[in-house]
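Student: Please find one structure pasted underneath; my questions will follow.
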Amino acid sequence: MRGRRRSVEMTVTRDTLTGFLAGFNNHDLNASMGYLAEDCVFYPPRGAKPRGDRFVGRAEVRAGLASRFEGIPDVHYGDDRHWVCGDDLGVSEWTLTGTSVSGQRLEVRGVDLLEFDAAGKIRRKDSFWKILD
C-alpha cells in the first residue's frame with residue numbers, strides 16, 4: 001500500500017536494480033525472478049488496455065517476462081541509470097536494443113517503475129517505452 005511507511009527488512013539499493021537488470025542482459029530468467037515477490041505484478045509496455053497487459057503472481061509474471069526473450073531473442077538493456085526512492089520505490093532507465101523474431105531492429109528508450117515489499121523484493125514492475133514514429 002502506497003502512502004504509508006513500513007520497515008524494510010532488506011535494504012533496496014542501486015545494486016538491487018542493477019542486479020535485476022543484469023539477469024535480463026544475461027538472459028537468465030531465474031536470476032531476474034529471484035528479485036520478485038510472490039505476489040508480484042508486471043505491466044509490460046504493450047497490451048490491449050491503456051495500462052498494457054497485466055501479469056499477476058510469479059507464474060504469470062515469469063511467462064510474461066519469458067515472452068520478451070522469445071519475441072526479442074537478443075534483447076539487451078544498456079545505457080542504464082537507476083534510482084532508489086525512499087524505502088519502497090525504484091526507477092530504472094535504459095535503452096532496449098535487439099531484433100524481433102520478425103526481423104525488426106529495435107532501439108528504444110524506456111523506464112521501469114518498481115515498487116518493493118517489506119522484504120526488498122519487487123512487488124510491481126511497470127514498464128514504459130518511448131513510441132517511435
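Starting from 1 in every chain, residues are counted up; chains themselves are A, B, ... following the order of the C-alpha cells, and ligands are numbered from 1 as listed.
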Which residues, written as a ChimeraX atom specification, have at least one atom at most 10 Å from segment 118-127 of chain A, with only C-alpha atoms counted and residues fewer than 5 positions away on the same chain left out?
Tutor: /A:5-13,16-17,20,33-46,51-52,54-57,61,87-93,110-113
Student: Write out as a VMD selection string all residues of chain A that DSSP puts in alpha helix (DSSP H) for this structure's backbone.
Tutor: chain A and resid 14 to 25 29 to 33 57 to 71
Student: Which residues, written as a ChimeraX atom specification, have at least one atom at most 9 Å from Arg109 of chain A, with only C-alpha atoms counted and residues fewer than 3 positions away on the same chain left out?
Tutor: /A:93-97,128-131
Student: Find the residues near segment 100-107 of chain A: any atom within 9 Å, counting only C-alpha atoms, skip ones fewer than 4 places away on the same chain, and give them as number ranges by chain.
Tutor: A: 70-75, 95-96
Student: With only C-alpha atoms as the atoms that count, which of A:Leu132, A:Val108, A:His76, A:Cys85 lies nearest to Leu21 of chain A?
Tutor: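 Selected residue with least distance to Leu21 of chain A: A:His76.
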Student: In Å to one decimal, how far is atom CA of Ala59 of chain A from atom CA of Gly19 of chain A?
Tutor: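 Here the two named atoms are 20.8 Å from each other.
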Student: Would you mind reading off the distance between atom CA of Phe116 of chain A and atom CA of His82 of chain A, one decimal, in Å?
Tutor: 14.4 Å
